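Colleague: Just one file: run.pdb, with PDB, C-alpha atoms.
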```
ATOM      1  CA  MET W   1     100.457 -55.707  44.171
ATOM      2  CA  MET W   2     100.775 -53.741  40.929
ATOM      3  CA  SER W   3     103.320 -50.950  41.091
ATOM      4  CA  ARG W   4     102.448 -47.367  40.273
ATOM      5  CA  ASP W   5     104.554 -47.487  37.089
ATOM      6  CA  ASN W   6     102.764 -50.637  35.936
ATOM      7  CA  ARG W   7      99.350 -49.083  36.564
ATOM      8  CA  GLN W   8     100.313 -46.001  34.568
ATOM      9  CA  LEU W   9     101.638 -48.187  31.767
ATOM     10  CA  LYS W  10      98.394 -50.140  31.720
ATOM     11  CA  ARG W  11      96.353 -46.935  31.557
ATOM     12  CA  LEU W  12      98.491 -45.584  28.710
ATOM     13  CA  THR W  13      98.174 -48.862  26.812
ATOM     14  CA  SER W  14      94.392 -48.862  27.221
ATOM     15  CA  LEU W  15      94.204 -45.225  26.148
ATOM     16  CA  SER W  16      96.363 -45.926  23.088
ATOM     17  CA  ILE W  17      94.130 -48.818  22.051
ATOM     18  CA  LEU W  18      91.012 -46.666  22.488
ATOM     19  CA  LEU W  19      92.484 -43.830  20.420
ATOM     20  CA  PHE W  20      93.525 -46.276  17.706
ATOM     21  CA  LEU W  21      90.000 -47.706  17.486
ATOM     22  CA  LEU W  22      88.434 -44.258  17.399
ATOM     23  CA  CYS W  23      90.786 -43.138  14.651
ATOM     24  CA  ALA W  24      90.170 -46.322  12.685
ATOM     25  CA  CYS W  25      86.412 -45.770  12.834
ATOM     26  CA  HIS W  26      86.866 -42.156  11.854
ATOM     27  CA  ARG W  27      89.087 -43.096   8.926
ATOM     28  CA  GLY W  28      86.544 -45.672   7.819
ATOM     29  CA  SER W  29      83.852 -43.017   7.504
ATOM     30  CA  ILE W  30      85.858 -40.482   5.524
ATOM     31  CA  ASN W  31      88.406 -42.572   3.647
ATOM     32  CA  VAL W  32      87.000 -41.602   0.254
ATOM     33  CA  PRO W  33      89.090 -39.647  -2.275
ATOM     34  CA  GLU W  34      87.876 -36.241  -3.383
ATOM     35  CA  SER W  35      89.680 -36.287  -6.725
ATOM     36  CA  PHE W  36      87.948 -37.780  -9.788
ATOM     37  CA  PRO W  37      90.176 -40.293 -11.613
ATOM     38  CA  PHE W  38      87.568 -42.088 -13.747
ATOM     39  CA  THR W  39      87.615 -41.850 -17.530
ATOM     40  CA  LEU W  40      83.979 -41.796 -18.581
ATOM     41  CA  ALA W  41      83.963 -40.418 -22.105
ATOM     42  CA  ASP W  42      81.560 -42.386 -24.305
ATOM     43  CA  VAL W  43      80.688 -39.873 -27.013
ATOM     44  CA  ASN W  44      77.229 -39.249 -28.467
ATOM     45  CA  SER W  45      77.778 -41.361 -31.604
ATOM     46  CA  VAL W  46      78.638 -44.412 -29.473
ATOM     47  CA  GLN W  47      75.702 -43.898 -27.135
ATOM     48  CA  LEU W  48      73.335 -43.183 -30.035
ATOM     49  CA  LYS W  49      74.074 -46.542 -31.635
ATOM     50  CA  ALA W  50      73.150 -48.346 -28.401
ATOM     51  CA  ALA W  51      70.071 -46.158 -27.918
ATOM     52  CA  GLN W  52      68.765 -47.025 -31.375
ATOM     53  CA  GLN W  53      69.498 -50.713 -30.821
ATOM     54  CA  TYR W  54      67.854 -51.086 -27.411
ATOM     55  CA  GLY W  55      65.370 -48.216 -27.310
ATOM     56  CA  LEU W  56      62.309 -47.012 -29.170
ATOM     57  CA  SER W  57      62.209 -47.843 -32.866
ATOM     58  CA  HIS W  58      61.414 -44.227 -33.698
ATOM     59  CA  THR W  59      61.485 -40.861 -31.952
ATOM     60  CA  LEU W  60      58.351 -39.112 -30.737
ATOM     61  CA  LYS W  61      57.406 -35.793 -32.302
ATOM     62  CA  SER W  62      55.584 -34.559 -29.188
ATOM     63  CA  ARG W  63      54.437 -35.714 -25.758
ATOM     64  CA  GLU W  64      50.963 -36.351 -27.175
ATOM     65  CA  GLN W  65      52.445 -39.436 -28.863
ATOM     66  CA  LEU W  66      53.449 -41.087 -25.575
ATOM     67  CA  ASP W  67      50.316 -43.227 -25.586
ATOM     68  CA  ARG W  68      51.577 -44.987 -28.729
ATOM     69  CA  VAL W  69      54.613 -46.416 -26.889
ATOM     70  CA  SER W  70      53.334 -46.633 -23.295
ATOM     71  CA  ASP W  71      53.356 -50.455 -23.412
ATOM     72  CA  ARG W  72      57.111 -50.399 -24.121
ATOM     73  CA  LEU W  73      58.065 -47.895 -21.427
ATOM     74  CA  VAL W  74      58.255 -47.691 -17.647
ATOM     75  CA  ARG W  75      57.213 -44.527 -15.845
ATOM     76  CA  ILE W  76      59.871 -43.835 -13.225
ATOM     77  CA  THR W  77      58.975 -42.149  -9.943
ATOM     78  CA  ASN W  78      60.762 -41.294  -6.702
ATOM     79  CA  CYS W  79      61.917 -44.407  -4.863
ATOM     80  CA  PRO W  80      64.380 -45.315  -2.059
ATOM     81  CA  TYR W  81      67.315 -45.249  -4.519
ATOM     82  CA  TYR W  82      66.731 -42.113  -6.584
ATOM     83  CA  ARG W  83      64.734 -38.906  -6.798
ATOM     84  CA  ILE W  84      63.351 -37.349  -9.951
ATOM     85  CA  ASP W  85      64.231 -33.673 -10.239
ATOM     86  CA  ARG W  86      61.792 -31.125 -11.628
ATOM     87  CA  LEU W  87      61.852 -31.986 -15.337
ATOM     88  CA  THR W  88      61.535 -29.082 -17.777
ATOM     89  CA  HIS W  89      62.632 -30.627 -21.086
ATOM     90  CA  SER W  90      61.881 -34.319 -20.645
ATOM     91  CA  VAL W  91      59.330 -36.779 -19.262
ATOM     92  CA  PRO W  92      59.965 -39.591 -16.717
ATOM     93  CA  TYR W  93      59.834 -42.641 -18.974
ATOM     94  CA  LEU W  94      62.482 -45.265 -19.741
ATOM     95  CA  THR W  95      62.723 -48.667 -21.355
ATOM     96  CA  ARG W  96      62.669 -51.593 -18.938
ATOM     97  CA  GLY W  97      66.414 -52.089 -19.387
ATOM     98  CA  ALA W  98      67.215 -48.452 -18.660
ATOM     99  CA  SER W  99      64.838 -48.415 -15.681
ATOM    100  CA  ASP W 100      66.559 -51.483 -14.214
ATOM    101  CA  LEU W 101      69.959 -49.873 -14.786
ATOM    102  CA  LEU W 102      68.918 -46.688 -12.968
ATOM    103  CA  GLU W 103      67.740 -48.668  -9.944
ATOM    104  CA  THR W 104      70.966 -50.708  -9.950
ATOM    105  CA  ILE W 105      73.029 -47.513  -9.942
ATOM    106  CA  GLY W 106      71.071 -46.121  -6.990
ATOM    107  CA  ARG W 107      71.265 -49.375  -5.059
ATOM    108  CA  ASP W 108      74.989 -49.901  -5.687
ATOM    109  CA  PHE W 109      75.663 -46.286  -4.717
ATOM    110  CA  GLN W 110      73.969 -46.796  -1.358
ATOM    111  CA  LYS W 111      75.888 -50.050  -0.814
ATOM    112  CA  SER W 112      79.120 -48.132  -1.381
ATOM    113  CA  LEU W 113      78.052 -45.443   1.085
ATOM    114  CA  LYS W 114      77.338 -48.098   3.694
ATOM    115  CA  LYS W 115      80.701 -49.750   3.058
ATOM    116  CA  HIS W 116      82.426 -46.443   3.813
ATOM    117  CA  LYS W 117      80.283 -45.839   6.907
ATOM    118  CA  LEU W 118      78.542 -42.850   5.351
ATOM    119  CA  GLY W 119      74.883 -41.927   5.583
ATOM    120  CA  THR W 120      72.116 -42.739   3.114
ATOM    121  CA  TYR W 121      71.805 -40.604  -0.010
ATOM    122  CA  ARG W 122      69.661 -40.827  -3.126
ATOM    123  CA  ILE W 123      70.963 -39.896  -6.554
ATOM    124  CA  ILE W 124      69.004 -37.214  -8.437
ATOM    125  CA  VAL W 125      67.816 -37.766 -12.022
ATOM    126  CA  THR W 126      67.736 -34.513 -14.006
ATOM    127  CA  SER W 127      66.732 -35.601 -17.519
ATOM    128  CA  VAL W 128      65.005 -38.614 -19.086
ATOM    129  CA  LEU W 129      62.995 -39.146 -22.310
ATOM    130  CA  ARG W 130      62.810 -36.222 -24.743
ATOM    131  CA  THR W 131      60.502 -35.777 -27.691
ATOM    132  CA  GLU W 132      61.591 -33.968 -30.864
ATOM    133  CA  GLU W 133      59.695 -30.965 -29.572
ATOM    134  CA  ASP W 134      61.582 -31.110 -26.248
ATOM    135  CA  VAL W 135      64.908 -31.267 -28.107
ATOM    136  CA  ARG W 136      64.085 -28.205 -30.208
ATOM    137  CA  ARG W 137      63.137 -26.218 -27.105
ATOM    138  CA  LEU W 138      66.293 -27.330 -25.297
ATOM    139  CA  MET W 139      68.557 -26.400 -28.223
ATOM    140  CA  LYS W 140      67.324 -22.821 -27.969
ATOM    141  CA  LYS W 141      68.420 -22.730 -24.330
ATOM    142  CA  ASN W 142      71.464 -25.023 -24.219
ATOM    143  CA  ASN W 143      74.252 -24.724 -26.796
ATOM    144  CA  ASN W 144      75.506 -28.220 -25.915
ATOM    145  CA  ALA W 145      72.220 -29.906 -26.835
ATOM    146  CA  VAL W 146      72.271 -31.976 -30.026
ATOM    147  CA  LYS W 147      69.472 -32.566 -32.516
ATOM    148  CA  LYS W 148      70.068 -36.343 -32.620
ATOM    149  CA  SER W 149      69.777 -36.995 -28.895
ATOM    150  CA  THR W 150      70.007 -40.408 -27.256
ATOM    151  CA  HIS W 151      67.355 -39.183 -24.820
ATOM    152  CA  GLN W 152      64.818 -39.575 -27.629
ATOM    153  CA  TYR W 153      64.968 -43.391 -27.447
ATOM    154  CA  ALA W 154      64.107 -43.792 -23.731
ATOM    155  CA  THR W 155      67.399 -45.544 -22.999
ATOM    156  CA  THR W 156      69.176 -42.516 -21.596
ATOM    157  CA  PHE W 157      69.068 -40.472 -18.406
ATOM    158  CA  ASP W 158      71.213 -37.857 -16.676
ATOM    159  CA  ILE W 159      72.279 -38.001 -13.024
ATOM    160  CA  THR W 160      73.667 -34.862 -11.445
ATOM    161  CA  TYR W 161      76.898 -35.083  -9.471
ATOM    162  CA  SER W 162      76.588 -31.599  -7.962
ATOM    163  CA  ARG W 163      73.580 -32.455  -5.756
ATOM    164  CA  PHE W 164      72.550 -35.516  -3.752
ATOM    165  CA  ASP W 165      69.481 -36.181  -1.638
ATOM    166  CA  HIS W 166      70.633 -36.778   1.957
ATOM    167  CA  ILE W 167      68.212 -39.084   3.766
ATOM    168  CA  ASN W 168      69.938 -39.780   7.081
ATOM    169  CA  GLY W 169      73.240 -40.611   8.769
ATOM    170  CA  THR W 170      76.761 -39.256   8.414
ATOM    171  CA  GLN W 171      77.136 -36.519   5.827
ATOM    172  CA  ALA W 172      79.771 -36.634   3.117
ATOM    173  CA  THR W 173      81.242 -33.929   0.920
ATOM    174  CA  GLN W 174      79.950 -33.418  -2.606
ATOM    175  CA  LYS W 175      83.331 -34.508  -3.975
ATOM    176  CA  GLN W 176      83.269 -37.753  -1.987
ATOM    177  CA  LEU W 177      79.752 -38.538  -3.205
ATOM    178  CA  LYS W 178      80.771 -37.731  -6.778
ATOM    179  CA  TYR W 179      83.749 -40.078  -6.460
ATOM    180  CA  LEU W 180      81.630 -42.976  -5.166
ATOM    181  CA  LEU W 181      78.993 -42.478  -7.863
ATOM    182  CA  GLY W 182      81.717 -42.335 -10.508
ATOM    183  CA  GLU W 183      83.182 -45.558  -9.134
ATOM    184  CA  VAL W 184      79.794 -47.297  -9.389
ATOM    185  CA  LEU W 185      79.277 -46.089 -12.956
ATOM    186  CA  SER W 186      82.784 -47.104 -13.982
ATOM    187  CA  GLU W 187      82.208 -50.649 -12.683
ATOM    188  CA  LEU W 188      78.847 -50.986 -14.464
ATOM    189  CA  ARG W 189      80.356 -49.586 -17.650
ATOM    190  CA  ASN W 190      83.197 -52.123 -17.477
ATOM    191  CA  LYS W 191      80.614 -54.894 -17.116
ATOM    192  CA  GLY W 192      78.949 -53.773 -20.346
ATOM    193  CA  ARG W 193      75.798 -52.466 -18.690
ATOM    194  CA  CYS W 194      76.006 -48.900 -19.962
ATOM    195  CA  TYR W 195      77.849 -46.103 -21.700
ATOM    196  CA  VAL W 196      78.689 -42.975 -19.686
ATOM    197  CA  MET W 197      79.749 -39.440 -20.505
ATOM    198  CA  TYR W 198      81.100 -37.252 -17.719
ATOM    199  CA  GLU W 199      79.672 -33.833 -18.597
ATOM    200  CA  ARG W 200      81.493 -30.993 -16.877
ATOM    201  CA  GLN W 201      79.427 -28.056 -18.138
ATOM    202  CA  GLN W 202      76.110 -29.669 -17.233
ATOM    203  CA  SER W 203      77.458 -31.188 -13.973
ATOM    204  CA  CYS W 204      75.979 -34.573 -14.728
ATOM    205  CA  PHE W 205      76.671 -38.110 -15.885
ATOM    206  CA  HIS W 206      74.971 -38.816 -19.227
ATOM    207  CA  ILE W 207      74.132 -42.546 -19.205
ATOM    208  CA  THR W 208      72.769 -44.887 -21.876
ATOM    209  CA  SER W 209      71.686 -48.445 -21.118
ATOM    210  CA  ARG W 210      73.116 -51.261 -23.213
ATOM    211  CA  ARG W 211      70.200 -53.633 -22.613
TER
END
```
For the structure just supplied, provide its representation as structure tokens.
Modeller:
Amino acid sequence: MMSRDNRQLKRLTSLSILLFLLCACHRGSINVPESFPFTLADVNSVQLKAAQQYGLSHTLKSREQLDRVSDRLVRITNCPYYRIDRLTHSVPYLTRGASDLLETIGRDFQKSLKKHKLGTYRIIVTSVLRTEEDVRRLMKKNNNAVKKSTHQYATTFDITYSRFDHINGTQATQKQLKYLLGEVLSELRNKGRCYVMYERQQSCFHITSRR
């Protein structure tokens, strides 16, 4: 017959194991840094060279000229991996290479969320293709806008890191989501898939495809 001390020891051991497992699961769901250690600083001149190499051969003066290049572009719409924000100074078109890159970013981001036992989120695209007319209008509103924009070649898009579209599951902090998105972008950049600029004032990642 098991003594009282042995029974108590067994209960304590079982309780300790249960607490350890619960803590391990809890750590698995929140073990994501909130600091941002990634150096993503590909300047406009570097991104512009890639945009001109892989994007449209010439910029569009206005949106009325979109029909001229429609066969070379992909219209991007909301999908399981990303959401298109309300666009005020751009239109939702990208080259095939840039469109594939955007979907890869969204898919890899969700894989990372799943790995860390977090819920499902979509990234939010805030800017895409700009015509010369769009650039002029934006320069009147935004002092950081440049006349020779990579957005004019349909290779470039912006993804905000201040907002994410929560679909379901465990919620994460904005800083954790920003970290995981930065990690995904850093890995794709290191593989030669893209150039990335971490823009603090605009709260976005400015990304140009290299294919």
Colleague: Which residues of stretch 22-76 of chain W have any atom within 12 Å of an atom in stretch 88-105 of chain W when counting all atoms listed in the file, and what is the closest pair of atoms for each, with the distance in Å to one decimal? Order the rows by chain and rising number and write it as JSON lines.
Modeller:
```
{"residue": "W:Ala50", "atom": "CA", "partner": "W:Ala98", "partner_atom": "CA", "distance": 11.4}
{"residue": "W:Ala51", "atom": "CA", "partner": "W:Ala98", "partner_atom": "CA", "distance": 10.0}
{"residue": "W:Gln52", "atom": "CA", "partner": "W:Thr95", "partner_atom": "CA", "distance": 11.8}
{"residue": "W:Gln53", "atom": "CA", "partner": "W:Thr95", "partner_atom": "CA", "distance": 11.8}
{"residue": "W:Tyr54", "atom": "CA", "partner": "W:Gly97", "partner_atom": "CA", "distance": 8.2}
{"residue": "W:Gly55", "atom": "CA", "partner": "W:Thr95", "partner_atom": "CA", "distance": 6.5}
{"residue": "W:Leu56", "atom": "CA", "partner": "W:Thr95", "partner_atom": "CA", "distance": 8.0}
{"residue": "W:Ser57", "atom": "CA", "partner": "W:Thr95", "partner_atom": "CA", "distance": 11.6}
{"residue": "W:Leu60", "atom": "CA", "partner": "W:Ser90", "partner_atom": "CA", "distance": 11.7}
{"residue": "W:Ser62", "atom": "CA", "partner": "W:Ser90", "partner_atom": "CA", "distance": 10.6}
{"residue": "W:Arg63", "atom": "CA", "partner": "W:Val91", "partner_atom": "CA", "distance": 8.2}
{"residue": "W:Glu64", "atom": "CA", "partner": "W:Val91", "partner_atom": "CA", "distance": 11.5}
{"residue": "W:Leu66", "atom": "CA", "partner": "W:Tyr93", "partner_atom": "CA", "distance": 9.3}
{"residue": "W:Asp67", "atom": "CA", "partner": "W:Tyr93", "partner_atom": "CA", "distance": 11.6}
{"residue": "W:Val69", "atom": "CA", "partner": "W:Thr95", "partner_atom": "CA", "distance": 10.1}
{"residue": "W:Ser70", "atom": "CA", "partner": "W:Tyr93", "partner_atom": "CA", "distance": 8.8}
{"residue": "W:Asp71", "atom": "CA", "partner": "W:Thr95", "partner_atom": "CA", "distance": 9.8}
{"residue": "W:Arg72", "atom": "CA", "partner": "W:Thr95", "partner_atom": "CA", "distance": 6.5}
{"residue": "W:Leu73", "atom": "CA", "partner": "W:Thr95", "partner_atom": "CA", "distance": 4.7}
{"residue": "W:Val74", "atom": "CA", "partner": "W:Leu94", "partner_atom": "CA", "distance": 5.3}
{"residue": "W:Arg75", "atom": "CA", "partner": "W:Tyr93", "partner_atom": "CA", "distance": 4.5}
{"residue": "W:Ile76", "atom": "CA", "partner": "W:Pro92", "partner_atom": "CA", "distance": 5.5}
```
Colleague: Can you build me a table of stretch 105-139 of chain W residues sitting at most 8 Å from stretch 176-181 of chain W, with the closest atom pair per residue and its distance in Å to one decimal, using all atoms listed in the file, sorted by chain and residue number, as CSV?
Modeller:
```
residue,atom,partner,partner_atom,distance
W:Phe109,CA,W:Leu181,CA,6.0
W:Ser112,CA,W:Leu180,CA,6.9
W:Leu113,CA,W:Leu180,CA,7.6
```
Colleague: What lies within 12 Å of W:Gln171 using only C-alpha atoms, ignoring chain neighbours under 5 positions off, as a short mmCIF file (atom, residue, chain, number, x, y, z; two decimals) with C-alpha atoms, keeping the file's coordinate frame?
Modeller:
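Saved file part.cif follows:
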```cif
data_model
loop_
_atom_site.label_atom_id
_atom_site.label_comp_id
_atom_site.auth_asym_id
_atom_site.auth_seq_id
_atom_site.Cartn_x
_atom_site.Cartn_y
_atom_site.Cartn_z
CA SER W 29 83.85 -43.02 7.50
CA ILE W 30 85.86 -40.48 5.52
CA LEU W 113 78.05 -45.44 1.08
CA LYS W 114 77.34 -48.10 3.69
CA HIS W 116 82.43 -46.44 3.81
CA LYS W 117 80.28 -45.84 6.91
CA LEU W 118 78.54 -42.85 5.35
CA GLY W 119 74.88 -41.93 5.58
CA THR W 120 72.12 -42.74 3.11
CA TYR W 121 71.81 -40.60 -0.01
CA PHE W 164 72.55 -35.52 -3.75
CA ASP W 165 69.48 -36.18 -1.64
CA HIS W 166 70.63 -36.78 1.96
CA GLN W 176 83.27 -37.75 -1.99
CA LEU W 177 79.75 -38.54 -3.20
#
```
Colleague: Of the residues W:Gln110, W:Ser203, W:Thr208, W:Ser35, which is the one nearest to W:Gly169, using only C-alpha atoms?
Modeller: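 Result for the nearest residue to W:Gly169: W:Gln110.
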Colleague: Please write the residues picked by the PyMOL selection byres ((chain W and resi 82) around 9) on this file as a ChimeraX atom specification.
Modeller: /W:77-81,83-84,102-103,105-107,121-125,165
Colleague: Would you mind reading off the distance between atom CA of W:Gln174 and atom CA of W:Ser162, one decimal, in Å?
Modeller: 6.6 Å
Colleague: Set the distance at 7 Å and use only C-alpha atoms: which residues neighbour stretch 187-193 of chain W once local chain neighbours fewer than 4 positions away are removed? I'd like the list as an MDAnalysis selection string.
Modeller: chainID W and resid 183 209:211
Colleague: Restrict the selected residues to C-alpha atoms and save them as an mmCIF file, keeping the file's coordinate frame.
Modeller:
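File produced: result-v7.cif:
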```cif
data_model
loop_
_atom_site.group_PDB
_atom_site.id
_atom_site.type_symbol
_atom_site.label_atom_id
_atom_site.label_comp_id
_atom_site.auth_asym_id
_atom_site.auth_seq_id
_atom_site.Cartn_x
_atom_site.Cartn_y
_atom_site.Cartn_z
ATOM 1 C CA GLU W 183 83.182 -45.558 -9.134
ATOM 2 C CA SER W 209 71.686 -48.445 -21.118
ATOM 3 C CA ARG W 210 73.116 -51.261 -23.213
ATOM 4 C CA ARG W 211 70.200 -53.633 -22.613
#
```
Colleague: Rounded to one decimal, what separation in Å do you get between atom CA of W:Arg86 and atom CA of W:Thr126?
Modeller: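 Rounded to one decimal, the two atoms are 7.2 Å apart.
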Colleague: State, in Å with one decimal place, the distance from atom CA of W:Phe36 to atom CA of W:His206.
Modeller: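 Between atom CA of W:Phe36 and atom CA of W:His206 the gap is 16.1 Å.
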Colleague: Could you check which residues have any atom within 12 Å of (79.9, -37.3, -19.3), counting all atoms listed in the file with coordinates taken straight from the file, and then list them as number ranges by chain?
Modeller: W: 38-44, 47, 157-161, 182, 185-186, 195-208
Colleague: Please write as a VMD selection string the full residue list that the PyMOL selection byres ((chain W and resi 133-143) around 7) yields on this file.
Modeller: chain W and resid 61 to 62 89 to 90 130 to 132 144 to 147
Colleague: Which residue, W:Val46, W:Leu87, W:Cys194, W:Ala172, has the smallest gap to W:Ser149 when you use all atoms listed in the file?
Modeller: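 Of W:Val46, W:Leu87, W:Cys194, W:Ala172, the one nearest W:Ser149 is W:Val46, counting all atoms listed in the file.
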